[in-house]
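Presented below is the structure to which this report refers.
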Amino acid sequence: MELKQLLDFIALEDDRLKLQYGHPDETKRILARTVKITEELGELSNEVLAFHSMQRKEKMDNHTKETLHEEVADVLITTLLLAKTLNMDIEKVLEAKIEKINKRHETATPSNTI
Ligand SMILES: [Mg+2]
């Protein structure tokens, strides 16, 4: 999948969510989408714990590699929806961040060398 396809889906989903939940002001949408990321991150955390058998027995049902992967996707999608609400050019922001991270590694001195 190309980034453009993903961002086209995010734009479509953004429109659908605005129709589904009405058009609250932008600040409310930003807050709601930030909370939604937290909800999805909790679901991902639950999947990770269950996938590694670190949950109580009663919470261990219906967790698979697929449900774990779905929750990773939910976190990405909800994060991209927040980025859209913040009117970010996510492609440019990601490029700049990747460059920053790469430079950090290029200039870092390995701490585990003698
Ligand atoms: Mg989810």
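In the structure tokens, each chain is lettered A, B, ... as it comes, each chain's residues begin at 1, and ligands are numbered from 1 in order of appearance.
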DSSP helix (DSSP H, G or I) selection over region 57-107 of chain A, as a VMD selection string: chain A and resid 57 to 59 65 to 85 90 to 107
Env. residues ligand 1 / 12 Å / only C-alpha atoms and all ligand atoms / as a list in words: Lys36, Ile37, Thr38, Glu39, Glu40, Leu41, Gly42, Glu43, Leu44, Ser45, Asn46, Glu47, Glu66, Thr67, Leu68, His69, Glu70, Glu71, Val72, Ala73, Asp74, Val75, Leu76, Ile77 and Thr78 of chain A
Contacts of region 89-96 of chain A at 12 Å (only C-alpha atoms; same-chain gap of 6+ positions) as a list in words: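 Using only C-alpha atoms, the neighbours found are Glu2, Leu3, Lys4, Leu6, Leu7, Ile10, Thr79, Leu80, Leu81, Leu82, Ala83, Asn102 and Lys103 of chain A.
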Now that the selection is made, can you save its residues with N, CA and C atoms as a CSV table (one decimal), in the first residue's frame?
chain,number,residue,atom,x,y,z
A,2,GLU,N,0.5,2.2,-0.8
A,2,GLU,CA,1.2,3.5,-0.9
A,2,GLU,C,0.7,4.4,0.2
A,3,LEU,N,1.5,5.3,0.7
A,3,LEU,CA,1.1,6.3,1.7
A,3,LEU,C,-0.2,7.1,1.2
A,4,LYS,N,-0.2,7.4,-0.1
A,4,LYS,CA,-1.3,8.2,-0.7
A,4,LYS,C,-2.6,7.4,-0.5
A,6,LEU,N,-3.3,5.2,1.8
A,6,LEU,CA,-3.6,5.3,3.3
A,6,LEU,C,-4.2,6.7,3.6
A,7,LEU,N,-3.6,7.7,3.1
A,7,LEU,CA,-4.1,9.1,3.4
A,7,LEU,C,-5.5,9.3,2.8
A,10,ILE,N,-7.9,7.8,5.1
A,10,ILE,CA,-8.0,8.6,6.3
A,10,ILE,C,-9.0,9.8,6.0
A,79,THR,N,-4.2,7.6,15.0
A,79,THR,CA,-3.2,8.6,15.0
A,79,THR,C,-3.2,9.5,13.8
A,80,LEU,N,-3.4,8.8,12.6
A,80,LEU,CA,-3.4,9.6,11.4
A,80,LEU,C,-4.7,10.5,11.3
A,81,LEU,N,-5.8,10.0,11.9
A,81,LEU,CA,-7.0,10.8,12.0
A,81,LEU,C,-6.8,12.1,12.8
A,82,LEU,N,-6.0,11.9,13.9
A,82,LEU,CA,-5.7,13.1,14.7
A,82,LEU,C,-4.8,14.0,13.9
A,83,ALA,N,-3.8,13.5,13.2
A,83,ALA,CA,-2.9,14.3,12.4
A,83,ALA,C,-3.7,15.1,11.4
A,102,ASN,N,17.6,9.8,11.9
A,102,ASN,CA,18.8,9.3,11.2
A,102,ASN,C,20.1,10.1,11.6
A,103,LYS,N,19.9,11.4,11.6
A,103,LYS,CA,21.1,12.2,12.0
A,103,LYS,C,21.5,11.9,13.4
Atom pair CA of Pro110 (chain A) / CA of Ile98 (chain A): separation (Å):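 Computed distance, CA of Pro110 (chain A) to CA of Ile98 (chain A), equals 19.7 Å.
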Distance criterion (only C-alpha atoms): nearest to Leu49 (chain A) out of A:Arg29, A:Lys100, A:Thr34, A:Lys65: A:Lys65
Top pick for closest residue to Ala32 (chain A), considering A:Lys57, A:His63, A:Arg104, A:Lys18 and counting only C-alpha atoms: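 Distance minimum relative to Ala32 (chain A) lands on A:Lys18.
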Coordinates-based distance that separates CA of Leu86 (chain A) from CA of Ile30 (chain A) (Å, one decimal): 7.1 Å
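CA of Leu31 (chain A) is positioned 14.2 Å from CA of Asn87 (chain A).
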